[in-house]
Amino acid sequence: MQRRAFLAATAGALAAPALRPAPAEAQSASRAETLLLVQEYGPNSMDMQGIGASQPVNGVALNCYDRLLSYKKVPLPDGQGHTFTLHALEPELAESWQEASDGMSVTFKLREAKFHSGRPVRAQDVKWSLDRAVSIGGFATTQMAAGSMEKPEQFVALDDRTFRIDFIRKDKLLMPNLGVTIPYVIDSETAKANSGGDPWAKEWLKNNVAGSGAFRVESWKPGVETIYARNDDWWNASKPKLRRIITRDIPSPSTRRALLERGDADVSALLPPKDFADLAAAGKVKVVGVPVPNGIWYCAMNSATGPFTDVRLRQAVAWAMPYEKIMQAALYGRGVVMSGAEGGPTTAWPQPFPYNTNIEKARALVQQAAPGGITTSVLFDAGQATVAEPIALLVKEALAPLGITVELNKVPGSNFRGELAKKNSPMVINRFAGWLDWPDYYFFWNFHGSNSIFNVASYQNPEMDRLIDAARFTSDAAAYEAAVKGFVGMAQREAPVVPLAQPLHDMAMQKNIGGYQFWPCREPDFRAFTKG
């Protein structure tokens, strides 16, 4: 009784005041046009281009700013919403565009649109924004470079409504890269006027939105809540149906689930897989699950230092992995198993590797490489512990009979990236998803000898690099297929990374919530939500 009373009191305390106006008519209108989303944590900044921006800041960029382009929406097979395709681009701030005949530039014609300040959106704002993205450093600059946008000189404002990008090389990722949440268009005059002398207004934009998007930030209390209000002057004729979005930060997944089940919250994100599985089975609320494009849970083994420099030990781990147990005990069926492939590599990604659980094969390889056994450790992120910790425990259990003793190294989420950067962990349980859904994009970050932070295995192989680079920049379909099959096959044989499962990105919502839209950034699109 005490726990139920506590949950009831908590739910009441967390209900948004704006959802409870005094008159019944006002309450009805408010609830019909307001959505309450509960999540583990919210944005730590308003600026996704800024250094150290957390994952939810993508949601600010998505909903409060516009980009030149977006992606075509594709209905989900179950009819519960939409996903997207990167292979069909649609206008956003750019109402049209034309590639040069030599394929080395693209010119955009901007639509008539206004920033939240009332200023018209101009090509000079687009240039300043993209100049900023390639110059500010950190993730933003890295992401822009993934589409060969590297220098401010590439961006040219021809007049107030005409903008050009000059290519430094032909790169199929350049145009799709304009649709991710990094190259958003900022009200440059307002930002510069409040910059305090900083050429990129980093501090001011960290705490303020200067966009033209469908929503404004009405209130932001870091660690507590963010409230968004619809921008009724948005250029798009298809205005959002909802006037107000309240996102409340609630670390406890059990509290978020209780609020949803009681009907006190409309949408809940980032619950543990078991909760999503339970909610889907119960049928009281709607659960929408989208396989994360270009995403896998994996076990990486350090191929540069430590025991797993021996490929036989890496292959032994791949044969020992309890793939089905991981799917059921860690992901509760909310994913796609990545094991037991037959027939050789394909051009898809992610794709299963040819390993399955075969302890005899694993034991034989360990006996060849380390007959006395080894002691090692596995690193994982406490911030993803609801999935990563059960996986780590199952790996430890599976490897013990082979003479491989595994110690668990659980680090706080705030320190996890720093630990990865050290490149000294023998084994790592991690999840990675690339925004641009091509295998060569994934492999560039995770397997290339440039050894980015995402190359957790520190895998370096000149032949792998040659194949990845060939796939990235070729325009020949046959050459592309050969290169992709080549580097996937090499990864399968060398096994620096063992794919475990492609996860689902799950959202739970009341049955009267419609319009769910999944994008690469994996943050909710408030522009599309409806409330019946």
# chains A, B, ... in the order shown; residues from 1 in each chain; ligands from 1
call {"tool": "residues_around", "arguments": {"residues": "Lys286 in chain A", "least_positions_apart": "5", "cutoff": "6 Å", "atoms": "only C-alpha atoms", "output": "VMD selection string"}}
result
chain A and resid 508 to 511
call {"tool": "residues_around", "arguments": {"residues": "Glu419 in chain A", "least_positions_apart": "4", "cutoff": "12 Å", "atoms": "only C-alpha atoms", "output": "list in words"}}
result
Val378, Leu379, Phe380, Asp381, Asn409, Lys410, Val411, Pro412, Gly413, Ser414, Asn415, Lys423, Asn424, Ser425, Pro426, Met427, Val428, Ile453, Phe454 and Val456 of chain A
call {"tool": "write_last_selection", "arguments": {"atoms": "C-alpha atoms", "output": "compact mmCIF listing (two decimals), in the first residue's frame"}}
result
# COMPACT_ATOMS: atom_id res chain seq x y z
CA VAL A 378 35.22 -6.15 -20.00
CA LEU A 379 34.33 -2.45 -19.91
CA PHE A 380 30.73 -1.22 -20.09
CA ASP A 381 28.73 1.93 -19.54
CA ASN A 409 34.61 -2.94 -15.29
CA LYS A 410 31.48 -0.79 -14.95
CA VAL A 411 32.12 2.94 -15.34
CA PRO A 412 29.73 5.91 -15.04
CA GLY A 413 28.26 7.15 -18.28
CA SER A 414 30.00 10.50 -17.83
CA ASN A 415 33.39 8.73 -17.88
CA LYS A 423 42.18 2.52 -26.14
CA ASN A 424 43.45 0.14 -23.45
CA SER A 425 40.39 -1.92 -22.50
CA PRO A 426 40.75 -5.59 -23.55
CA MET A 427 37.00 -6.03 -24.12
CA VAL A 428 34.15 -3.52 -24.39
CA ILE A 453 37.13 7.07 -30.70
CA PHE A 454 34.43 4.76 -32.09
CA VAL A 456 36.84 0.66 -29.86
call {"tool": "closest_residue", "arguments": {"among": "A:Tyr228, A:Trp235, A:Tyr332, A:Phe447", "to": "Lys274 in chain A", "atoms": "only C-alpha atoms"}}
result
A:Tyr332
call {"tool": "select_by_dssp", "arguments": {"residues": "range 163-409 of chain A", "states": "helix (DSSP H, G or I)", "output": "number ranges by chain"}}
result
A: 174-177, 188-193, 202-207, 253-262, 273-282, 307-309, 311-320, 323-330, 359-369, 382-402
call {"tool": "residues_around", "arguments": {"residues": "Gly118 in chain A", "least_positions_apart": "5", "cutoff": "12 Å", "atoms": "only C-alpha atoms", "output": "NGL selection string"}}
result
:A and (112-113 or 187 or 189-190 or 210-212 or 231-235)
call {"tool": "write_last_selection", "arguments": {"atoms": "C-alpha atoms", "output": "PDB file, in the first residue's frame"}}
result
ATOM      1  CA  GLU A 112      10.817  32.693 -47.619  1.00  0.00           C
ATOM      2  CA  ALA A 113      11.043  31.940 -43.892  1.00  0.00           C
ATOM      3  CA  ASP A 187      19.866  33.382 -36.774  1.00  0.00           C
ATOM      4  CA  GLU A 189      22.720  38.340 -36.572  1.00  0.00           C
ATOM      5  CA  THR A 190      20.939  37.659 -33.278  1.00  0.00           C
ATOM      6  CA  ALA A 210      18.023  31.225 -32.362  1.00  0.00           C
ATOM      7  CA  GLY A 211      16.218  29.130 -34.921  1.00  0.00           C
ATOM      8  CA  SER A 212      13.366  29.204 -37.406  1.00  0.00           C
ATOM      9  CA  ASN A 231       5.935  28.641 -33.456  1.00  0.00           C
ATOM     10  CA  ASP A 232       2.758  29.788 -35.189  1.00  0.00           C
ATOM     11  CA  ASP A 233       4.854  31.735 -37.717  1.00  0.00           C
ATOM     12  CA  TRP A 234       6.668  28.626 -38.954  1.00  0.00           C
ATOM     13  CA  TRP A 235       7.028  28.637 -42.731  1.00  0.00           C
TER      14      TRP A 235
END
call {"tool": "closest_residue", "arguments": {"among": "A:Glu407, A:Glu92, A:Glu203, A:Asp264", "to": "Ala392 in chain A", "atoms": "only C-alpha atoms"}}
result
A:Glu407
call {"tool": "atom_distance", "arguments": {"atom1": "CA of Asp275 in chain A", "atom2": "CA of Thr226 in chain A"}}
result
24.4 Å
call {"tool": "atom_distance", "arguments": {"atom1": "CA of Ala370 in chain A", "atom2": "CA of Pro307 in chain A"}}
result
8.8 Å
